[in-house]
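Undergrad: Following this line is final-v3.txt, made up of compact mmCIF, C-alpha atoms and all ligand atoms:
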```
# COMPACT_ATOMS: atom_id res chain seq x y z
CA PHE A 1477 -31.49 -13.07 20.59
CA ASN A 1478 -30.25 -14.48 23.86
CA GLY A 1479 -27.35 -12.81 25.64
CA ASP A 1480 -27.73 -15.25 28.50
CA ASP A 1481 -24.36 -15.68 30.16
CA GLY A 1482 -22.50 -12.40 29.80
CA ASN A 1483 -20.13 -14.15 27.49
CA ASN A 1484 -20.62 -15.00 23.87
CA GLY A 1485 -19.83 -18.62 24.44
CA ASN A 1486 -16.49 -18.86 22.69
CA GLY A 1487 -14.84 -15.55 23.34
CA ASN A 1488 -13.70 -13.32 26.13
CA GLY A 1489 -16.99 -11.57 26.82
CA ASN A 1490 -15.98 -8.28 25.17
CA GLY A 1491 -17.89 -9.03 22.00
CA THR A 1492 -14.83 -9.41 19.80
CA THR A 1493 -15.43 -13.00 18.73
CA ALA A 1494 -18.23 -14.83 16.97
CA SER A 1495 -21.28 -15.91 18.94
CA ARG A 1496 -22.79 -19.34 19.35
CA PRO A 1497 -25.54 -20.02 16.83
CA GLY A 1498 -28.76 -18.57 18.21
CA THR A 1499 -27.05 -16.06 20.50
CA LEU A 1500 -25.34 -12.70 20.32
CA SER A 1501 -22.84 -11.16 22.70
CA LYS A 1502 -24.51 -9.66 25.79
CA PRO A 1503 -23.58 -6.03 24.92
CA LEU A 1504 -25.16 -6.32 21.48
CA ALA A 1505 -28.13 -8.25 22.80
CA ASP A 1506 -28.64 -5.54 25.46
CA LEU A 1507 -28.60 -2.85 22.77
CA MET A 1508 -31.40 -4.48 20.88
CA GLY A 1509 -34.80 -3.49 22.15
CA SER A 1510 -33.52 -0.28 23.77
CA TRP A 1511 -33.70 2.07 20.77
CA ASP A 1512 -35.94 4.69 22.41
CA ASP A 1513 -33.06 5.90 24.60
CA PHE A 1514 -30.48 5.30 21.91
CA ALA A 1515 -27.79 7.87 21.03
CA PHE A 1516 -24.25 7.54 19.69
CA ALA A 1517 -21.31 8.89 21.69
CA PRO A 1518 -20.62 12.51 20.58
CA ILE A 1519 -18.04 13.38 17.93
CA ARG A 1520 -16.80 16.39 15.98
CA GLU A 1521 -16.20 16.10 12.22
CA SER A 1522 -12.54 17.12 12.47
CA THR A 1523 -11.98 14.31 14.97
CA VAL A 1524 -13.08 11.81 12.32
CA SER A 1525 -10.88 13.45 9.73
CA ARG A 1526 -7.85 13.40 12.03
CA ALA A 1527 -8.51 9.81 13.12
CA MET A 1528 -8.15 8.74 9.49
CA THR A 1529 -5.50 11.06 8.13
CA ARG A 1530 -3.14 10.89 11.12
CA ARG A 1531 -2.97 7.12 10.81
CA TYR A 1532 -2.69 7.11 7.02
CA PHE A 1533 0.12 9.63 6.93
CA ALA A 1534 1.94 7.85 9.76
CA ASP A 1535 1.71 4.67 7.67
CA LEU A 1536 2.94 6.49 4.54
CA ASP A 1537 5.84 7.79 6.60
CA ALA A 1538 6.71 4.39 8.09
CA TYR A 1539 6.28 2.40 4.88
CA ALA A 1540 8.19 4.87 2.65
CA GLU A 1541 11.09 2.55 3.57
CA SER A 1542 9.67 -0.96 3.46
CA ASP A 1543 11.41 -4.33 3.45
CA VAL A 1544 9.04 -5.79 0.86
CA VAL A 1545 6.41 -4.29 -1.43
CA ILE A 1546 3.78 -6.70 -2.72
CA VAL A 1547 2.13 -5.31 -5.85
CA GLY A 1548 -1.44 -6.56 -6.26
CA ALA A 1549 -3.67 -8.01 -3.55
CA GLY A 1550 -5.31 -10.79 -5.54
CA SER A 1551 -5.31 -14.41 -4.39
CA CYS A 1552 -1.56 -14.73 -5.01
CA GLY A 1553 -0.52 -11.41 -3.45
CA LEU A 1554 -2.64 -11.95 -0.34
CA SER A 1555 -1.29 -15.49 0.10
CA ALA A 1556 2.27 -14.17 -0.23
CA ALA A 1557 1.57 -11.39 2.27
CA TYR A 1558 0.07 -13.80 4.80
CA THR A 1559 2.93 -16.28 4.54
CA LEU A 1560 5.82 -13.82 4.55
CA ALA A 1561 4.43 -11.53 7.25
CA THR A 1562 3.56 -14.49 9.48
CA LEU A 1563 6.98 -16.12 9.09
CA ARG A 1564 8.93 -12.88 9.52
CA PRO A 1565 7.21 -10.43 11.88
CA SER A 1566 10.33 -8.25 11.65
CA LEU A 1567 9.73 -7.48 7.96
CA ARG A 1568 7.76 -4.34 7.11
CA ILE A 1569 5.53 -5.29 4.19
CA ALA A 1570 3.56 -2.81 2.08
CA VAL A 1571 0.79 -4.26 -0.10
CA VAL A 1572 -0.16 -1.91 -2.93
CA GLU A 1573 -3.47 -2.65 -4.62
CA ALA A 1574 -4.82 -0.63 -7.54
CA GLY A 1575 -8.45 -1.47 -6.83
CA VAL A 1576 -10.55 -0.08 -4.02
CA ALA A 1577 -11.51 -3.68 -3.24
CA PRO A 1578 -8.57 -6.03 -2.70
CA GLY A 1579 -8.99 -9.63 -3.85
CA GLY A 1580 -8.51 -9.36 -7.62
CA GLY A 1581 -10.40 -12.12 -9.38
CA ALA A 1582 -10.97 -14.18 -6.24
CA TRP A 1583 -14.42 -12.94 -5.22
CA LEU A 1584 -15.97 -15.50 -7.56
CA GLY A 1585 -14.87 -19.02 -8.44
CA GLY A 1586 -15.19 -18.79 -12.20
CA GLN A 1587 -17.49 -16.99 -14.64
CA LEU A 1588 -20.05 -15.65 -12.12
CA PHE A 1589 -20.20 -18.80 -9.98
CA SER A 1590 -19.67 -18.75 -6.23
CA ALA A 1591 -17.77 -21.94 -5.43
CA MET A 1592 -13.96 -21.89 -5.57
CA VAL A 1593 -12.04 -25.02 -6.55
CA MET A 1594 -8.53 -25.77 -5.33
CA ARG A 1595 -6.59 -28.90 -6.24
CA LYS A 1596 -4.67 -30.67 -3.52
CA PRO A 1597 -2.27 -29.98 -1.90
CA ALA A 1598 -3.50 -26.34 -1.79
CA ASP A 1599 -5.96 -27.44 0.91
CA VAL A 1600 -3.08 -27.07 3.39
CA PHE A 1601 -3.17 -23.31 2.83
CA LEU A 1602 -6.93 -23.23 3.41
CA ALA A 1603 -6.45 -25.15 6.66
CA GLU A 1604 -3.63 -22.79 7.67
CA VAL A 1605 -5.75 -19.65 7.34
CA GLY A 1606 -8.96 -21.29 8.56
CA VAL A 1607 -11.12 -21.45 5.44
CA PRO A 1608 -13.58 -24.37 5.58
CA PHE A 1609 -13.86 -26.58 2.51
CA GLU A 1610 -15.52 -29.71 1.20
CA ASP A 1611 -13.09 -32.55 0.43
CA GLU A 1612 -13.80 -34.09 -2.97
CA GLY A 1613 -10.75 -36.36 -3.14
CA ASP A 1614 -8.17 -34.80 -5.45
CA TYR A 1615 -9.64 -31.35 -5.04
CA VAL A 1616 -11.48 -29.29 -2.45
CA VAL A 1617 -14.29 -26.76 -2.80
CA VAL A 1618 -14.76 -23.56 -0.79
CA ARG A 1619 -18.48 -22.85 -0.88
CA HIS A 1620 -17.95 -19.20 -1.81
CA ALA A 1621 -14.78 -17.66 -3.22
CA ALA A 1622 -15.57 -14.59 -1.14
CA LEU A 1623 -15.12 -16.71 1.99
CA PHE A 1624 -11.56 -17.49 0.89
CA THR A 1625 -10.72 -13.91 -0.02
CA SER A 1626 -12.34 -12.27 3.00
CA THR A 1627 -10.68 -14.74 5.39
CA VAL A 1628 -7.17 -14.39 3.94
CA LEU A 1629 -7.65 -10.63 3.75
CA ALA A 1630 -8.74 -10.50 7.40
CA ARG A 1631 -5.74 -12.60 8.45
CA VAL A 1632 -3.37 -10.33 6.48
CA LEU A 1633 -4.88 -7.11 7.80
CA ALA A 1634 -4.60 -8.37 11.37
CA LEU A 1635 -0.82 -8.76 11.04
CA PRO A 1636 0.99 -5.80 12.61
CA ASN A 1637 3.78 -5.73 10.02
CA VAL A 1638 1.57 -5.33 6.94
CA LYS A 1639 -0.01 -2.18 5.55
CA LEU A 1640 -2.47 -2.37 2.67
CA PHE A 1641 -2.52 0.73 0.48
CA ASN A 1642 -5.58 0.13 -1.67
CA ALA A 1643 -6.87 2.41 -4.45
CA THR A 1644 -3.15 2.96 -5.09
CA ALA A 1645 -1.47 1.88 -8.33
CA VAL A 1646 2.15 0.98 -8.90
CA GLU A 1647 3.07 3.13 -11.90
CA ASP A 1648 6.71 2.19 -12.22
CA LEU A 1649 9.62 0.39 -10.57
CA ILE A 1650 12.51 2.11 -8.82
CA THR A 1651 15.79 0.73 -10.16
CA ARG A 1652 19.48 0.96 -9.36
CA PRO A 1653 22.35 0.18 -11.73
CA VAL A 1654 24.41 -2.93 -11.06
CA VAL A 1655 27.87 -3.13 -12.63
CA ALA A 1656 29.26 -6.66 -12.91
CA ALA A 1657 32.94 -7.58 -12.59
CA ASP A 1658 33.22 -7.76 -16.40
CA GLY A 1659 31.91 -4.20 -16.71
CA SER A 1660 28.46 -5.18 -18.02
CA THR A 1661 25.55 -3.33 -16.46
CA SER A 1662 22.11 -4.45 -15.39
CA VAL A 1663 19.57 -3.15 -12.93
CA ARG A 1664 18.15 -4.26 -9.65
CA VAL A 1665 14.67 -3.32 -8.51
CA ALA A 1666 14.74 -1.12 -5.42
CA GLY A 1667 11.12 -0.14 -4.82
CA VAL A 1668 8.00 1.12 -6.54
CA VAL A 1669 6.53 4.34 -7.87
CA THR A 1670 2.92 4.83 -6.77
CA ASN A 1671 -0.04 7.08 -7.37
CA TRP A 1672 -3.71 7.14 -6.43
CA THR A 1673 -5.32 4.85 -9.00
CA LEU A 1674 -7.78 7.57 -10.00
CA VAL A 1675 -4.80 9.78 -10.82
CA SER A 1676 -3.06 6.97 -12.73
CA MET A 1677 -6.18 6.66 -14.87
CA HIS A 1678 -6.05 10.34 -15.82
CA HIS A 1679 -2.51 10.93 -16.99
CA ASP A 1680 -3.84 11.43 -20.52
CA ASP A 1681 -6.10 14.34 -19.64
CA GLN A 1682 -4.44 15.96 -16.61
CA SER A 1683 -0.87 17.16 -16.26
CA CYS A 1684 1.49 17.67 -13.32
CA MET A 1685 0.33 14.73 -11.27
CA ASP A 1686 3.66 13.40 -10.14
CA PRO A 1687 3.79 10.16 -8.23
CA ASN A 1688 5.01 9.02 -4.82
CA THR A 1689 7.58 6.32 -4.02
CA ILE A 1690 8.26 3.42 -1.68
CA ASN A 1691 11.85 2.21 -1.33
CA ALA A 1692 12.27 -1.51 -0.68
CA PRO A 1693 15.06 -3.98 -1.42
CA LEU A 1694 12.49 -6.49 -2.64
CA VAL A 1695 9.29 -6.24 -4.69
CA ILE A 1696 6.91 -9.16 -5.17
CA SER A 1697 4.74 -8.53 -8.21
CA THR A 1698 1.46 -10.43 -8.48
CA THR A 1699 -0.59 -8.21 -10.79
CA GLY A 1700 -2.34 -10.98 -12.72
CA HIS A 1701 -2.37 -11.63 -16.45
CA ASP A 1702 -2.59 -8.91 -19.06
CA GLY A 1703 -5.69 -6.74 -18.90
CA PRO A 1704 -6.56 -3.19 -17.90
CA PHE A 1705 -3.81 -3.23 -15.26
CA GLY A 1706 -2.32 -6.73 -15.19
CA ALA A 1707 1.18 -8.05 -15.83
CA PHE A 1708 2.45 -4.63 -14.89
CA SER A 1709 5.99 -5.34 -13.71
CA VAL A 1710 6.94 -7.89 -16.35
CA LYS A 1711 5.79 -5.53 -19.12
CA ARG A 1712 7.96 -2.85 -17.55
CA LEU A 1713 10.93 -5.26 -17.58
CA VAL A 1714 10.71 -5.32 -21.37
CA SER A 1715 10.81 -1.52 -21.72
CA MET A 1716 13.65 -1.49 -19.16
CA ARG A 1717 15.47 -3.96 -21.44
CA GLN A 1718 15.81 -6.53 -18.67
CA VAL A 1719 13.76 -9.05 -20.60
CA GLU A 1720 13.86 -9.35 -24.40
CA THR A 1721 10.23 -10.30 -24.95
CA LEU A 1722 7.32 -11.66 -22.95
CA GLY A 1723 6.28 -15.24 -23.54
CA GLY A 1724 2.59 -14.26 -23.46
CA MET A 1725 -0.07 -16.25 -21.63
CA ARG A 1726 -0.98 -19.48 -23.47
CA GLY A 1727 -4.33 -21.26 -23.79
CA LEU A 1728 -5.99 -23.07 -20.91
CA ASP A 1729 -4.53 -26.33 -19.65
CA MET A 1730 -5.39 -26.87 -16.00
CA GLY A 1731 -3.10 -29.85 -15.59
CA ALA A 1732 0.02 -28.09 -16.87
CA ALA A 1733 -0.69 -24.52 -15.82
CA GLU A 1734 -0.89 -24.80 -12.07
CA ASP A 1735 2.35 -26.74 -11.57
CA ALA A 1736 4.19 -24.36 -13.92
CA ILE A 1737 3.08 -21.23 -12.08
CA VAL A 1738 3.98 -22.55 -8.63
CA LYS A 1739 7.33 -23.99 -9.71
CA GLY A 1740 8.15 -20.89 -11.78
CA THR A 1741 7.54 -18.39 -8.97
CA ARG A 1742 10.99 -16.83 -8.52
CA GLU A 1743 13.18 -13.76 -8.45
CA VAL A 1744 13.21 -12.86 -12.16
CA VAL A 1745 15.64 -9.94 -11.90
CA PRO A 1746 17.45 -8.95 -8.72
CA GLY A 1747 14.94 -7.42 -6.32
CA LEU A 1748 11.83 -8.55 -8.24
CA ILE A 1749 9.93 -11.77 -7.52
CA VAL A 1750 7.00 -12.53 -9.81
CA GLY A 1751 4.14 -14.85 -8.88
CA GLY A 1752 0.56 -15.73 -9.81
CA MET A 1753 -0.78 -15.20 -13.30
CA GLU A 1754 1.63 -12.34 -14.02
CA LEU A 1755 4.20 -15.10 -14.41
CA SER A 1756 2.26 -16.68 -17.27
CA GLU A 1757 2.86 -13.51 -19.31
CA LEU A 1758 6.60 -13.68 -18.64
CA ASP A 1759 7.13 -17.41 -19.09
CA GLY A 1760 4.55 -18.12 -21.79
CA ALA A 1761 2.73 -20.50 -19.44
CA ASN A 1762 -0.79 -21.84 -19.88
CA ARG A 1763 -3.68 -20.35 -17.97
CA MET A 1764 -5.58 -22.62 -15.59
CA GLY A 1765 -8.96 -20.91 -15.60
CA PRO A 1766 -11.16 -21.35 -12.52
CA THR A 1767 -8.96 -23.31 -10.15
CA PHE A 1768 -7.08 -21.34 -7.53
CA GLY A 1769 -4.65 -23.70 -5.79
CA ALA A 1770 -1.72 -22.40 -7.81
CA MET A 1771 -2.45 -18.83 -6.74
CA ALA A 1772 -2.35 -19.73 -3.04
CA LEU A 1773 0.78 -21.86 -3.37
CA SER A 1774 2.53 -19.42 -5.73
CA GLY A 1775 2.03 -16.87 -2.94
CA VAL A 1776 3.61 -19.30 -0.47
CA LYS A 1777 6.52 -19.91 -2.86
CA ALA A 1778 6.96 -16.16 -3.42
CA ALA A 1779 7.29 -15.76 0.35
CA GLU A 1780 9.86 -18.56 0.43
CA GLU A 1781 11.85 -16.93 -2.39
CA ALA A 1782 11.73 -13.65 -0.48
CA LEU A 1783 13.13 -15.32 2.63
CA LYS A 1784 16.03 -16.63 0.53
CA VAL A 1785 16.85 -13.05 -0.45
CA PHE A 1786 16.78 -11.87 3.16
CA ASP A 1787 18.73 -14.88 4.38
CA LEU A 1788 21.65 -14.29 1.97
O1 LIG A 1801 -6.12 -4.78 -9.18
C1 LIG A 1801 -5.26 -5.86 -9.49
C2 LIG A 1801 -5.66 -7.16 -8.78
O2 LIG A 1801 -6.31 -6.93 -7.55
C3 LIG A 1801 -3.86 -5.63 -8.92
N1 LIG A 1801 -2.99 -4.82 -9.78
C4 LIG A 1801 -2.78 -4.99 -11.11
N2 LIG A 1801 -1.91 -4.06 -11.55
C5 LIG A 1801 -1.56 -3.29 -10.49
C6 LIG A 1801 -0.71 -2.17 -10.31
N3 LIG A 1801 -0.61 -1.64 -9.07
C7 LIG A 1801 -1.30 -2.18 -8.02
N4 LIG A 1801 -0.03 -1.64 -11.32
C8 LIG A 1801 -2.26 -3.79 -9.36
N5 LIG A 1801 -2.13 -3.25 -8.15
O3 LIG A 1801 -3.30 -6.93 -8.87
C9 LIG A 1801 -4.32 -7.86 -8.52
C10 LIG A 1801 -4.13 -9.11 -9.37
O4 LIG A 1801 -5.04 -10.07 -8.94
P1 LIG A 1801 -5.55 -11.22 -9.92
O5 LIG A 1801 -6.61 -11.96 -9.21
O6 LIG A 1801 -5.86 -10.62 -11.26
O7 LIG A 1801 -4.20 -12.09 -10.13
P2 LIG A 1801 -3.66 -13.39 -9.40
O8 LIG A 1801 -2.44 -13.80 -10.16
O9 LIG A 1801 -3.54 -13.19 -7.91
O10 LIG A 1801 -4.83 -14.44 -9.62
C11 LIG A 1801 -5.15 -14.84 -10.91
C12 LIG A 1801 -6.43 -15.65 -10.86
C13 LIG A 1801 -6.66 -16.44 -12.11
S1 LIG A 1801 -6.71 -15.73 -13.63
C14 LIG A 1801 -6.99 -17.25 -14.35
C15 LIG A 1801 -7.17 -17.39 -15.82
O11 LIG A 1801 -7.42 -16.34 -16.48
O12 LIG A 1801 -7.05 -18.50 -16.32
N6 LIG A 1801 -7.07 -18.22 -13.48
C16 LIG A 1801 -6.87 -17.79 -12.20
C17 LIG A 1801 -6.91 -18.72 -11.04
```
Would you mind writing the file's structure down as structure tokens?
Ligand code: AHZ
TA:
Amino acid sequence: FNGDDGNNGNGNGNGTTASRPGTLSKPLADLMGSWDDFAFAPIRESTVSRAMTRRYFADLDAYAESDVVIVGAGSCGLSAAYTLATLRPSLRIAVVEAGVAPGGGAWLGGQLFSAMVMRKPADVFLAEVGVPFEDEGDYVVVRHAALFTSTVLARVLALPNVKLFNATAVEDLITRPVVAADGSTSVRVAGVVTNWTLVSMHHDDQSCMDPNTINAPLVISTTGHDGPFGAFSVKRLVSMRQVETLGGMRGLDMGAAEDAIVKGTREVVPGLIVGGMELSELDGANRMGPTFGAMALSGVKAAEEALKVFDL
């Protein structure tokens, strides 16, 4: 190591930015080699507990009334969160992710391979968030899908108007009746019903585990295609009689699938925008398999559709 100049070369000297290759920040470099006298600053256990719980419960309090809830933090949900929260810092955006680890299927490119393929013009999103890629002409390659997901995730988490509630499942939608001029009734989505995911997984063998709620005039659902959790909101639309039947995801056709998902990203019932592969279950669209451009740009389109709702 070589903490030579008191600055890490491209940052402000407080160790908060990356170092030049071959060097570390001076404070970290100074720490190395001085382990004999090493001791952490003191702490009491309750201080740690309060540091976590005070913040979490303040967030629960603040985000109980959100402007937008994004359900699912996969490649589409994270892209939507980044775009919407960046464009509208005034919007309070809750991202609810059932898994402990956000990112959905975007930690690998396909099967168990590392590289992630995106067809142009999705490279503009990579450039926007600062993910490096190799240009192969009509498509680009990120050398590890985890680089995409960790970068977008970091950008989202750094935004002051976004709170990620992970390990939390959306169990239902909050709805309100809408009566049209001709007397016919429909519903609008007005928020989400949540629970700890571990609780959601045990409704069959435990009783009295009622959920929590988040009110929001707009929900963006990006829960992926059908699976253990996926396609959550559109399946609920059927039981709520807002949609007759689901189209069901069709076989793989990369050429057709990606355009259809991006173009189809829209408000499907008042208050509910659906994007990413969840949309394939609603519209009966093809799957695209291991190419992720449509997920990034469906997220961008979902943000644009959300802005239309707020700009009405
Ligand atoms: O955990 C889920 C995942 O992280 C989360 N999720 C699902 N149901 C939820 C619920 N409450 C909260 N009820 C929930 N979170 O939603 C996330 C979905 O991420 P994903 O990667 O599965 O979906 P995506 O649409 O963002 O990306 C799809 C990626 C695919 S699938 C595919 C193919 O099969 O052909 N091709 C691509 C590119």
Undergrad: Under the rule that only C-alpha atoms and all ligand atoms are counted, which of A:Val1654, A:Ala1515, A:Ala1732, A:Ala1643 is the nearest residue to ligand LIG 1801 (chain A)?
TA: A:Ala1643
Undergrad: Using Å and a single decimal, report how far atom CA of A:Leu1563 sits from atom N5 of ligand LIG 1801 (chain A).
TA: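 Separating atom N5 of ligand LIG 1801 (chain A) from atom CA of A:Leu1563 is a distance of 23.4 Å.
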Undergrad: Counting all atoms listed in the file, what are the residues, protein, DNA or RNA alike, that approach ligand LIG 1801 (chain A) to within 6 Å? I want them as number ranges by chain.
TA: A: 1547-1553, 1572-1575, 1578-1582, 1645-1647, 1698-1700, 1705-1706, 1708, 1752-1754, 1763-1768, 1771
Undergrad: Please identify all polymer residues within 9 Å of A:Asp1543, counting only C-alpha atoms, omitting same-chain residues fewer than 2 positions from it, and present them as a VMD selection string.
TA: chain A and resid 1539 1541 1545 1567 to 1570 1691 to 1695
Undergrad: Between atom CA of A:Ala1540 and atom CA of A:Thr1689, what is the distance, to one decimal in Å?
TA: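 Atom CA of A:Ala1540 sits 6.9 Å away from atom CA of A:Thr1689.
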Undergrad: For a test of reading the model, state the distance in Å between atom CA of A:Pro1565 and atom CA of A:Val1663, rounded to one decimal.
TA: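 According to the coordinates, atom CA of A:Pro1565 and atom CA of A:Val1663 are separated by 28.7 Å.
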Undergrad: Between A:Glu1521, A:Asp1513, A:Glu1781, A:Glu1734, which is the closest to A:Ala1761 once you count all atoms listed in the file?
TA: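 Among A:Glu1521, A:Asp1513, A:Glu1781, A:Glu1734, it is A:Glu1734 that comes nearest to A:Ala1761.
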Undergrad: For A:Arg1564, which residue out of A:Met1730, A:Val1618, A:Val1638, A:Ile1749 is the nearest one, using all atoms listed in the file?
TA: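 Closest residue, counting all atoms listed in the file: A:Val1638.
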Undergrad: Rank nothing, just name the residue among A:His1620, A:Asp1680, A:Val1607, A:Leu1713 nearest to A:Ile1650, using only C-alpha atoms.
TA: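 Closest to A:Ile1650 of all the choices is A:Leu1713.
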Undergrad: For A:Leu1748, which of A:Val1785, A:Met1725, A:Ala1538, A:Ala1598 is the closest residue, counting all atoms listed in the file?
TA: A:Val1785
Undergrad: Env of A:Gly1723: 6 Å cut, atoms = all atoms listed in the file, seq-sep filter 2 positions within chain, self excluded. Answer as a list in words.
TA: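 Near neighbours after the sequence-gap exclusion: Glu1757, Leu1758, Asp1759 and Gly1760 of chain A.
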Undergrad: Nearest to A:Asp1535: which of A:Leu1649, A:Ala1622, A:Val1617, A:Ile1690 is it, counting only C-alpha atoms?
TA: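 So, comparing all the options, the nearest one is A:Ile1690.
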Undergrad: Within 9 Å of A:Val1719, counting all atoms listed in the file, which residues show up once you throw out same-chain ones fewer than 4 positions away? Write them as number ranges by chain, please.
TA: A: 1710-1711, 1713-1715, 1745, 1758
